[in-house]
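Novice: Handing you a structure now.
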Amino acid sequence: MNGSLFQQALLDGEYGPHFFAYYYKQWNPYTMAYHQHNSTEIMYLISGSCAVDVRQHTNVEERFRLKRGELIMLDANVPHRLMVEEGRSCRMLNVEFGFTASTGAAPSIARLAEEEEELAGLLRAPFSSLVLPDPEEVFHVLKSLVLELDQHGGEGQGSLMIRLLFAELLLRLSRLRREQQQASQQPSQLYVRRAIEFLHQNYDRGIQVKEVAAEVSLHPGYLHRIFRAHTGRTLTDYLNMLRMEKARMLLGQSEIPVAEIADYVGIGSRQYFHLLFRKYTGCTPVEYRNSMERFSWSNSPPETTGK
């Protein structure tokens with residue numbers, strides 16, 4: 001069968017991936033000739049910048065400029081070329097795949113699509129090319145897949161690990177695609193979700209609003225407005241609330257000294273940490289830990305003695 005994602009056989013039969021190429025590559029100034037191949041291709045930009053020219057079915061050329069953390073998916077038999085301009089370079093992670101009869105324990109593409117509505121939607125909505133921003137969800141899976149393929153030296157493509165990684169790759173791509181479609185209707189909601197994800201991943205260090213805004217490519221003032229509109233809190237208030245929740249967890253479930261908890265939740269001043277903790281919980285960190293210890297003691301089962 002051909003290497004396109006968009007063929008009914010993938011939804012009707014039992015098929016899995018077959019890989020034709022996979023690599024990391026550093027590209028310096030370079031212009032590739034137009035070419036096409038009977039496989040689906042994913043080009044993921046790890047660093048730098050580049051352009052990908054795509055010749056659509058109507059013979060119209062379209063140029064996509066990619067930056068770090070973005071990927072482009074190209075359907076089979078779509079003419080395209082990579083361009084890296086003078087004075088620039090980029091590092092890219094690339095995989096090209098088609099499909100073959102599925103065997104073994106890993107789920108086929110059809111079975112995945114039955115379980116995951118987003119994947120079924122992706123497979124039923126053909127495109128020549130698709131650019132997606134990635135909050136590093138796809139990158140880690142794609143990297144693991146390429147390393148696993150490389151470890152096998154191109155052999156053992158039917159291994160369970162490779163098929164499972166490919167299944168996760170498809171699912172994450174399909175969810176990113178759904179988010180992109182939803183963002184075109186409600187872009188502010190997507191920006192807020194990504195800001196919240198950034199806070200959850202970085203609450204344990206000093207963060208300023210302008211840094212969060214830069215991460216989601218918004219002006220700080222605009223991010224402040226939409227964040228409050230969607231969550232009912234300012235970004236700073238949300239971050240402090242998150243930090244206090246983490247502090248409560250550490251006080252109640254660890255033996256970390258109270259004096260060190262502030263460092264674990266990204267607050268440099270212990271005095272400020274105590275003020276915030278009292279504001280959000282109504283007690284000091286020491287009082288909270290003591291209350292948790294008393295609660296644990298009062299709920300412990302009574303000792304029994306043997307006869």
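By order of appearance in the structure tokens: chains A, B, ..., then residues from 1 within every chain, and ligands from 1 in the order shown.
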For Ser144 in chain A, please output as a PyMOL selection string all residues within 9 Å (counting only C-alpha atoms; exclusion window: fewer than 5 positions along the same chain).
Specialist: chain A and resi 139+149+162+165
Novice: Please identify all polymer residues within 7 Å of range 260-270 of chain A, counting only C-alpha atoms, omitting same-chain residues fewer than 2 positions from it, and present them as a PyMOL selection string.
Specialist: chain A and resi 203-206+243+246-247+256-258+272-274
Novice: Which residue, A:Leu235, A:Leu71, A:Val78, A:Leu176, has the smallest gap to Ala195 in chain A when you use only C-alpha atoms?
Specialist: A:Leu235
Novice: Using DSSP on the backbone, list every residue of range 62-197 of chain A that comes out as strand (DSSP E or B), and give them as number ranges by chain.
Specialist: A: 62-67, 70-74, 80-84, 90-101, 129-133
Novice: How about saving the chosen residues, N, CA, C and O atoms kept, as a short mmCIF file (atom, residue, chain, number, x, y, z; two decimals), in the first residue's frame?
Specialist:
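What landed in part_32.cif:
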data_model
loop_
_atom_site.label_atom_id
_atom_site.label_comp_id
_atom_site.auth_asym_id
_atom_site.auth_seq_id
_atom_site.Cartn_x
_atom_site.Cartn_y
_atom_site.Cartn_z
N GLU A 62 4.00 26.93 -1.68
CA GLU A 62 3.77 27.58 -0.40
C GLU A 62 5.01 27.40 0.47
O GLU A 62 5.58 26.30 0.52
N ARG A 63 5.43 28.47 1.13
CA ARG A 63 6.62 28.42 1.97
C ARG A 63 6.23 28.47 3.45
O ARG A 63 5.46 29.33 3.88
N PHE A 64 6.77 27.53 4.22
CA PHE A 64 6.55 27.50 5.66
C PHE A 64 7.87 27.78 6.36
O PHE A 64 8.86 27.08 6.12
N ARG A 65 7.89 28.78 7.21
CA ARG A 65 9.09 29.10 7.99
C ARG A 65 8.96 28.46 9.37
O ARG A 65 8.00 28.72 10.09
N LEU A 66 9.93 27.61 9.70
CA LEU A 66 9.89 26.87 10.96
C LEU A 66 10.92 27.42 11.92
O LEU A 66 12.02 27.80 11.53
N LYS A 67 10.56 27.41 13.21
CA LYS A 67 11.50 27.77 14.27
C LYS A 67 11.54 26.63 15.28
O LYS A 67 10.77 25.67 15.19
N GLU A 70 8.95 23.50 16.41
CA GLU A 70 7.86 23.32 15.46
C GLU A 70 8.18 22.13 14.55
O GLU A 70 9.34 21.79 14.35
N LEU A 71 7.13 21.53 14.01
CA LEU A 71 7.31 20.40 13.10
C LEU A 71 6.40 20.59 11.90
O LEU A 71 5.39 21.30 11.96
N ILE A 72 6.78 19.94 10.82
CA ILE A 72 5.92 19.91 9.64
C ILE A 72 5.72 18.45 9.25
O ILE A 72 6.67 17.66 9.24
N MET A 73 4.47 18.09 8.99
CA MET A 73 4.12 16.77 8.45
C MET A 73 3.81 16.92 6.98
O MET A 73 3.06 17.82 6.58
N LEU A 74 4.39 16.05 6.16
CA LEU A 74 4.17 16.08 4.71
C LEU A 74 3.58 14.76 4.28
O LEU A 74 4.13 13.69 4.59
N HIS A 80 8.45 18.73 -2.22
CA HIS A 80 8.88 19.68 -1.20
C HIS A 80 10.39 19.82 -1.23
O HIS A 80 11.10 19.00 -1.82
N ARG A 81 10.88 20.87 -0.57
CA ARG A 81 12.32 21.05 -0.44
C ARG A 81 12.60 21.84 0.84
O ARG A 81 11.78 22.63 1.30
N LEU A 82 13.78 21.61 1.39
CA LEU A 82 14.25 22.31 2.58
C LEU A 82 15.19 23.43 2.16
O LEU A 82 16.02 23.24 1.26
N MET A 83 15.09 24.59 2.83
CA MET A 83 15.98 25.70 2.56
C MET A 83 16.50 26.27 3.88
O MET A 83 15.71 26.57 4.78
N VAL A 84 17.82 26.41 3.99
CA VAL A 84 18.44 27.07 5.14
C VAL A 84 19.21 28.25 4.58
O VAL A 84 20.14 28.08 3.79
N CYS A 90 20.28 24.93 11.19
CA CYS A 90 19.23 24.30 11.98
C CYS A 90 19.60 22.86 12.25
O CYS A 90 20.40 22.26 11.52
N ARG A 91 19.07 22.35 13.32
CA ARG A 91 19.24 20.93 13.65
C ARG A 91 17.87 20.29 13.62
O ARG A 91 16.92 20.80 14.20
N MET A 92 17.77 19.17 12.92
CA MET A 92 16.47 18.59 12.62
C MET A 92 16.42 17.11 12.98
O MET A 92 17.41 16.38 12.88
N LEU A 93 15.25 16.70 13.42
CA LEU A 93 14.94 15.29 13.67
C LEU A 93 13.91 14.89 12.63
O LEU A 93 12.89 15.55 12.47
N ASN A 94 14.19 13.81 11.91
CA ASN A 94 13.38 13.47 10.74
C ASN A 94 13.00 11.99 10.75
O ASN A 94 13.82 11.14 11.13
N VAL A 95 11.78 11.69 10.35
CA VAL A 95 11.37 10.29 10.18
C VAL A 95 10.44 10.20 8.98
O VAL A 95 9.62 11.09 8.75
N GLU A 96 10.61 9.16 8.18
CA GLU A 96 9.75 8.90 7.02
C GLU A 96 9.19 7.49 7.16
O GLU A 96 9.94 6.55 7.40
N PHE A 97 7.88 7.35 6.99
CA PHE A 97 7.26 6.05 7.21
C PHE A 97 6.10 5.79 6.26
O PHE A 97 5.48 6.71 5.74
N GLY A 98 5.85 4.52 6.05
CA GLY A 98 4.67 4.05 5.34
C GLY A 98 4.00 3.01 6.22
O GLY A 98 4.14 3.04 7.44
N PHE A 99 3.32 2.05 5.59
CA PHE A 99 2.52 1.11 6.39
C PHE A 99 2.65 -0.30 5.86
O PHE A 99 2.83 -0.52 4.66
N THR A 100 2.52 -1.24 6.77
CA THR A 100 2.60 -2.65 6.44
C THR A 100 1.62 -3.41 7.31
O THR A 100 1.11 -2.88 8.30
N ALA A 101 1.33 -4.66 6.93
CA ALA A 101 0.39 -5.47 7.71
C ALA A 101 0.85 -5.57 9.16
O ALA A 101 2.03 -5.77 9.44
N SER A 129 0.31 19.29 3.71
CA SER A 129 1.32 19.64 4.70
C SER A 129 0.63 20.25 5.91
O SER A 129 -0.44 20.85 5.79
N LEU A 130 1.25 20.08 7.07
CA LEU A 130 0.68 20.59 8.31
C LEU A 130 1.80 21.00 9.24
O LEU A 130 2.70 20.20 9.54
N VAL A 131 1.78 22.25 9.69
CA VAL A 131 2.77 22.74 10.66
C VAL A 131 2.12 22.78 12.04
O VAL A 131 1.01 23.30 12.19
N LEU A 132 2.82 22.23 13.02
CA LEU A 132 2.31 22.19 14.39
C LEU A 132 3.37 22.70 15.36
O LEU A 132 4.53 22.30 15.27
N PRO A 133 2.98 23.56 16.31
CA PRO A 133 3.89 23.89 17.41
C PRO A 133 3.83 22.78 18.44
O PRO A 133 2.77 22.17 18.65
#
Novice: Enter the distance from CA of Gln8 in chain A to CA of Gln180 in chain A, in Å, rounded to one decimal.
Specialist: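 Taking CA of Gln8 in chain A as the start and CA of Gln180 in chain A as the end point, the length is 24.0 Å.
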Novice: Check the smallest atom-to-atom distance from each of A:Phe19, A:Gln36, A:Phe277, A:Pro187 to His152 in chain A using only C-alpha atoms, then report the winner.
Specialist: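 Ranked by minimum distance to His152 in chain A, first place goes to A:Phe19.
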Novice: Measure the distance from CA of Pro135 in chain A to CA of Gly221 in chain A in Å and round it to one decimal.
Specialist: 22.4 Å
Novice: What parts of range 61-288 of chain A does DSSP call alpha helix (DSSP H)? I'd like the answer as a PyMOL selection string.
Specialist: chain A and resi 109-115+117-123+137-151+160-185+187-202+209-215+220-231+235-253+258-264+270-281+285-288
Novice: One number please: CA of Leu45 in chain A to CA of Tyr22 in chain A, in Å, one decimal.
Specialist: 13.8 Å
Novice: List as a compact mmCIF listing (two decimals) with N, CA, C and O atoms, in the first residue's frame the protein and nucleic acid residues near Glu86 in chain A, meaning an atom at most 10 Å away when only C-alpha atoms are counted, but skip any in the same chain fewer than 3 places from it.
Specialist:
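Result written to out-v5.txt:
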# COMPACT_ATOMS: atom_id res chain seq x y z
N ASN A 28 23.49 23.35 7.54
CA ASN A 28 24.04 24.68 7.38
C ASN A 28 23.44 25.28 6.11
O ASN A 28 22.61 24.64 5.47
N PRO A 29 23.78 26.51 5.74
CA PRO A 29 23.15 27.09 4.54
C PRO A 29 23.08 26.10 3.39
O PRO A 29 24.09 25.54 2.96
N TYR A 30 21.85 25.89 2.90
CA TYR A 30 21.65 24.79 1.94
C TYR A 30 20.30 24.97 1.26
O TYR A 30 19.32 25.42 1.88
N THR A 31 20.22 24.63 -0.01
CA THR A 31 18.95 24.60 -0.73
C THR A 31 18.79 23.23 -1.37
O THR A 31 19.58 22.83 -2.23
N MET A 83 15.09 24.59 2.83
CA MET A 83 15.98 25.70 2.56
C MET A 83 16.50 26.27 3.88
O MET A 83 15.71 26.57 4.78
N SER A 89 21.47 28.26 10.46
CA SER A 89 21.63 26.80 10.48
C SER A 89 20.46 26.23 11.26
O SER A 89 19.72 26.97 11.92
Novice: Counting only C-alpha atoms, figure out which residue out of A:Glu211, A:Glu118, A:Glu148, A:Glu61 gets nearest to Leu173 in chain A.
Specialist: A:Glu118
Novice: A:Ile42, A:Leu119, A:Val192, A:Met249: which is nearest Pro285 in chain A, counting only C-alpha atoms?
Specialist: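 Going through A:Ile42, A:Leu119, A:Val192, A:Met249 one by one, the smallest distance to Pro285 in chain A is for A:Met249.
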Novice: For Gly13 in chain A, please output as a PyMOL selection string all residues within 10 Å (counting only C-alpha atoms; exclusion window: fewer than 6 positions along the same chain).
Specialist: chain A and resi 101-102+108-111
Novice: Could you tell me which of A:Leu276, A:Leu145, A:Leu250, A:Ala125 comes closest to Thr236 in chain A if we count only C-alpha atoms?
Specialist: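 Distance minimum relative to Thr236 in chain A lands on A:Leu276.
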